[in-house]
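This report refers to the structure that appears directly beneath it.
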Amino acid sequence: MKINSRILAGTSASVVLLAGLGSPAHADTAALGTAPTNAATTALSSDWRKTRSAIGVDRKLEAEIDRILSGMSLRQKVGQMTQAEIKLITPEEVRTYYIGSVLNGGGSWPGKDKHASVAAWVALADAYYSASMSTDMAVKVPIIWGTDAVHGHSNVYRATIFPHNIGLGAARDPALIREIAAATAKAVRATGIDWVFAPAVPAVQNARWGRTYESYSNDPALVKAYSSAYVKGLQQRFGADSAIASVKHFLGDGGTHNGTDQGLTIASQRELVRTHAQGYYGAIGAGAQTVMVSYNSWKDADTGIDHGKMHGNRMLLTDVLKNRIGFDGFLISDWNAIEQVPGCTKASCPQSINAGIDMIMVPDDWKAFIDNTTKQVEAGEIPMSRIDDAVRRILRVKLRAGMFDGVAPSGHVGAGQLTGVQHRELARRAVRESLVLLKNERAALPIRRGTRVLVVGKSANSVPNQSGGWSLTWQGDETTNADYPDANTILAGIEAAAGKDNVVFAEKPERIDPASFDVAIAVIGETPYAETKGDLAPPKTLTHTQRYPEDLAALQALSVAGKPVVTIFVSGRPVYANDLLNLSHAFVAAWLPGTEGKGVADVLFADPTGRAEYDFRGRLSFPWPGTPCGASFSAAAMAAEPPLFPGGYGLSYARQKATATLPVSTAQACDSK
Ligand code: GLC
């Protein structure tokens with residue numbers, strides 16, 4: 001085994017000893033190119049600790065890597081480091097250009113068909129696999145396909161969609177997370193795919209961020225526990241129904257100023273470790289094999305040094321993640337993210353590769369990227385040792401995952417089976433456990449079966465609204481209930497529980513007299529969004545009804561009848577909703593439950609004796625804002641503007657608590673703190 005004797009500067013003694021065992025210090029100082037483009041080199045804080053992966057170094061496997069690597073040309077190596085989008089590369093091009101990976105972005109399907117069958121996914125995976133195994137390489141390297149199966153295999157028609165992470169964080173059930181991850185692995189393998197761009201492990205610090213719902217919590221300890229459980233469930237030490245995890249997005253994505261997507265995170269190294277890195281410690285400890293790099297930038301709060309975009313940050317990507325923490329899998333860039341590094345474009349970024357990124361997600365400009373990167377190596381801008389380190393890491397992951405078993409995607413157990421992507425009872429349980437009861441007055445809940453129920457609201461009969469972003473499409477939009485033939489809306493669950501003849505649904509209650517019913521249920525909240533589109537930038541407030549006045553109108557129309565009003569709030573974040581809480585006798589935070597809407601009614605209804613089959617167990621994964629501008633979860637911000645309900649809050653039938661009438665602020669704007 002070739003052991004690289006040159007150890008990186010700044011690596012602590014303990015890591016130096018381990019580095020000799022084929023662990024991550026294969027890269028050498030020359031491989032790392034220049035220091036961060038816009039900052040002096042910063043001493044690594046002693047807070048960064050090495051973490052031992054559940055998947056150790058295997059000398060035989062490392063020797064196999066040496067053998068494969070030694071027979072690869074430069075173009076074959078650069079091809080292996082390239083990830084292209086399936087809409088923009090054919091199997092023949094995969095073969096010709098030695099492509100190491102493809103992805104389907106949100107809203108990208110085989111044949112550009114939103115209703116592509118599981119068999120169609122497998123057929124395309126087979127085509128890419130066969131192409132990668134038909135190159136003229138001395139040792140053929142199988143292609144790896146990555147997908148955003150972030151709440152079940154959510155891009156795939158008829159796949160079960162689980163609650164988004166914000167709801168799973170509320171469930172406080174790591175065993176459930178592990179089961180969901182195992183089901184997700186089974187689902188992606190049923191479609192011929194082997195790599196999942198999950199878990200996302202931001203410890204979100206501001207509700208304004210459009211990706212808050214992709215986070216388990218603002219609490220780093222909870223994020224660490226869940227990231228570990230997810231990786232164990234997904235990778236399962238690479239058995240038949242396993243998939244490779246990609247922990248994302250490294251580092252500090254959930255800590256940007258004002259929650260601005262892809263913005264600037266200002267934090268000390270200690271805060272980076274204690275708040276933002278805990279999910280990586282959990283995931284890497286559990287054996288995660290890939291890490292996706294974040295769009296955000298980082299400014300060191302201690303030194304004032306602006307280290308710029310993470311995609312160019314050698315200190316955190318290599319010195320910290322690879323050498324100090326000891327991560328020996330591979331780093332992948334985010335979608336065209338390299339273009340944000342000063343001096344780079346979508347098709348050219350030696351800075352990112354020298355910073356430590358091993359595979360580049362270059363969805364469309366992949367041909368130019370291969371040409372440019374090859375030339376940059378030949379010109380010495382990128383040391384060959386850095387290329388070799390990147391390819392070694394990619395080969396290490398593919399070998400560890402058993403991808404060299406010579407079996408095509410369609411040859412794996414369960415491939416092509418629709419049942420592989422459907423996990424409805426597990427998802428329904430997750431919905432039940434994710435619900436958080438914030439208010440329950442006049443014993444509005446549980447509702448006895450057989451009572452007359454009026455259901456209103458835009459999200460009662462809408463699978464898109466109850467699923468949120470990353471559902472069939474990137475934004476979760478441009479879809480209807482017809483795109484989800486196997487799903488149950490929240491309304492369908494209520495009808496099944498109450499008896500269809502006892503339920504009347506009117507999205508807008510104007511022409512219905514609520515007084516003729518025993519109880520009214522309003523299913524309201526946010527409409528789908530993803531990433532930047534979901535940001536609530538200052539001066540916008542967190543006041544929900546300023547963005548969705550139809551929800552206030554619905555509750556006002558119901559409240560005149562004096563009958564119990566139960567609000568089911570479907571959202572990707574906690575918001576300021578004192579006006580809605582005051583108009584509700586019961587208020588349930590349902591987050592983004594996904595396709596199994598019946599899980600909501602499971603907890604709302606009781607048998608004729610009044611006994612509910614399931615009690616609420618959810619606890620807030622984030623504090624619930626008490627003011628229109630109370631978006632930040634920092635200790636200082638919450639001291640100044642206390643949340644209405646703290647993280648961890650949640651009522652149940654067994655644990656009731658009166659909720660007083662709340663003050664309602666009419667503030668229309670917030671300053672940018
Ligand atoms: C997106 C997201 C990332 C996702 C990737 C591929 O921009 O930031 O979470 O995995 O692109 O879809």
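Letters A, B, ... go to the chains of the structure tokens in the order shown; residues in each chain start at 1; ligands are counted from 1 in the same order.
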Can you tell me which residues come within 9 Å of ligand 1 when counting only C-alpha atoms and all ligand atoms, ideally as an NGL selection string?
:A and (103-106 or 146-150 or 196-198 or 200 or 246 or 248-249 or 262 or 292-295 or 333-337 or 361 or 474 or 531)
Range 465-669 of chain A: which residues are helix (DSSP H, G or I) by DSSP, as a ChimeraX atom specification?
/A:465-467,481-483,490-498,500-502,509-511,514-516,531-534,544-547,549-559,578-582,598-604,635-640
Quick check for you: according to DSSP on this backbone, which residues of range 303-452 of chain A are classed as strand (DSSP E or B)? Reply as JSON, numbers by chain.
{"A": [306, 307, 308, 309, 330, 331, 332, 345, 348, 359, 360, 361, 436, 437, 438, 439, 440, 447, 448]}
If you keep C-alpha atoms, can you produce a file of those selected residues as a CSV table (one decimal), in the first residue's frame?
```csv
chain,number,residue,atom,x,y,z
A,306,ASP,CA,-14.2,36.3,5.9
A,307,HIS,CA,-13.3,32.9,4.6
A,308,GLY,CA,-15.7,33.2,1.7
A,309,LYS,CA,-17.8,30.5,0.1
A,330,PHE,CA,-15.8,12.0,-0.6
A,331,LEU,CA,-17.1,15.5,-0.8
A,332,ILE,CA,-19.5,16.5,-3.5
A,345,THR,CA,-17.6,29.4,-13.4
A,348,SER,CA,-14.2,25.6,-14.1
A,359,MET,CA,-16.8,15.2,-7.1
A,360,ILE,CA,-18.3,18.2,-8.8
A,361,MET,CA,-22.1,18.4,-9.4
A,436,VAL,CA,-47.8,18.9,17.9
A,437,LEU,CA,-50.8,20.0,19.9
A,438,LEU,CA,-50.3,23.6,20.9
A,439,LYS,CA,-53.8,24.4,22.2
A,440,ASN,CA,-56.9,22.4,23.2
A,447,ILE,CA,-63.7,14.6,18.2
A,448,ARG,CA,-66.1,11.8,18.7
```
